[in-house]
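Below: one structure, written as structure tokens.
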Amino acid sequence: QVQLVESGGGLVEPGGSLRLSCQASGFTFDFHDMAWFRQAPGKEREGVSCISSSDGRTSYSRSVEGRFTISRDNAKNTVYLQMDSLKPEDTGVYYCAAVHAPSVPSLVVGGYYAMRYWGNGTLVAVSS
């Protein structure tokens, strides 16, 4: 049974940090590029970041580049999203997703790939 389980969301003040984790099981993690998406209230889901499985290439949306860092630990079947300098506009449900490698990370972030597996999401709220 395929599972992507996100954790690490919560309420944080503007300027704060959070680290999201996504634990994968039920499929070959090493053969999949991993990504984070988010959906703000009343808005469509958007790509945030993607990391390739083979060489660790990364891509970020313009709105988070320089503030967020994606990483993965293939030994733990886990992908992370370190979020720093959080802004109220970063509020939303963050989803972990997988696509069979190889992909083009920038196109994954741009929403041009049909992701193979999705998690149920974790809520991030940035507010004072």
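By order in the structure tokens, chains are A, B, ...; within a chain, residues start at 1; ligands start at 1, following the order shown.
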Write out as CSV the residues of range 60-103 of chain A that have any atom within 8 Å of an atom of range 1-25 of chain A, one row each with the nearest atom pair and its distance in Å to one decimal, counting only C-alpha atoms, sorted by chain and then rising number.
residue,atom,partner,partner_atom,distance
A:Lys76,CA,A:Gln23,CA,7.9
A:Asn77,CA,A:Ala24,CA,5.4
A:Thr78,CA,A:Gln23,CA,4.6
A:Val79,CA,A:Cys22,CA,5.2
A:Tyr80,CA,A:Ser21,CA,4.5
A:Leu81,CA,A:Leu20,CA,5.0
A:Gln82,CA,A:Arg19,CA,4.4
A:Met83,CA,A:Leu18,CA,5.2
A:Asp84,CA,A:Ser17,CA,4.4
A:Ser85,CA,A:Gly15,CA,4.2
A:Leu86,CA,A:Gly15,CA,4.9
A:Lys87,CA,A:Pro14,CA,5.1
A:Pro88,CA,A:Pro14,CA,6.3
A:Tyr95,CA,A:Glu6,CA,7.2
A:Cys96,CA,A:Cys22,CA,6.3
A:Ala97,CA,A:Leu4,CA,7.5
Set out as a tab-separated table a contact list for range 42-62 of chain A and range 101-122 of chain A with a cut-off of 9 Å, giving each residue of range 42-62 of chain A that qualifies its closest atom pair and distance in Å to one decimal, counting only C-alpha atoms, ordered by chain and rising residue number.
residue	atom	partner	partner_atom	distance
A:Glu46	CA	A:Gly111	CA	7.2
A:Gly47	CA	A:Val109	CA	4.3
A:Val48	CA	A:Val109	CA	5.9
A:Ser49	CA	A:Val109	CA	5.7
A:Cys50	CA	A:Pro105	CA	5.3
A:Ile51	CA	A:Pro105	CA	6.3
A:Ser52	CA	A:Pro105	CA	6.7
A:Ser53	CA	A:Ala101	CA	6.8
A:Ser54	CA	A:Pro102	CA	8.1
A:Arg57	CA	A:Pro105	CA	7.3
A:Thr58	CA	A:Pro105	CA	6.2
A:Ser59	CA	A:Ser106	CA	5.2
A:Tyr60	CA	A:Val109	CA	6.7
A:Ser61	CA	A:Val109	CA	6.5
In terms of only C-alpha atoms, the residue from A:Glu65, A:Ala40, A:Asn74, A:Asp30 at minimal distance from Val126 in chain A is A:Ala40
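Take the candidates A:Gly26, A:Ser63, A:Pro41, A:Asp33 and check each one against Thr91 in chain A using only C-alpha atoms; the shortest distance goes to A:Pro41.
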Any idea what's packed within 8 Å of Gln39 in chain A, counting only C-alpha atoms, ignoring anything in its chain fewer than 4 positions away? Could you give it as an NGL selection string? :A and (43-46 or 92-94)
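Note that DSSP on the backbone gives strand (DSSP E or B) to these residues of range 72-109 of chain A: Arg72, Asp73, Thr78, Val79, Tyr80, Leu81, Gln82, Met83, Gly92, Val93, Tyr94, Tyr95, Cys96, Ala97, Ala98, Val99 and His100 of chain A.
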For CA of Ser71 in chain A and CA of Phe37 in chain A, quote the distance in Å rounded to one decimal. 14.4 Å
From the DSSP assignment of the backbone, select every residue of chain A that is helix (DSSP H, G or I), and format the answer as a list in words. Phe29, Asp30, Phe31, Pro88, Glu89, Asp90, Pro105, Ser106, Leu107, Val108 and Val109 of chain A
Between CA of Val124 in chain A and CA of Ala35 in chain A, what distance in Å does the model show, to one decimal?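 If I compute the distance from CA of Val124 in chain A to CA of Ala35 in chain A, I get 16.4 Å.
CA of Met34 in chain A sits 19.0 Å away from CA of Gly66 in chain A.
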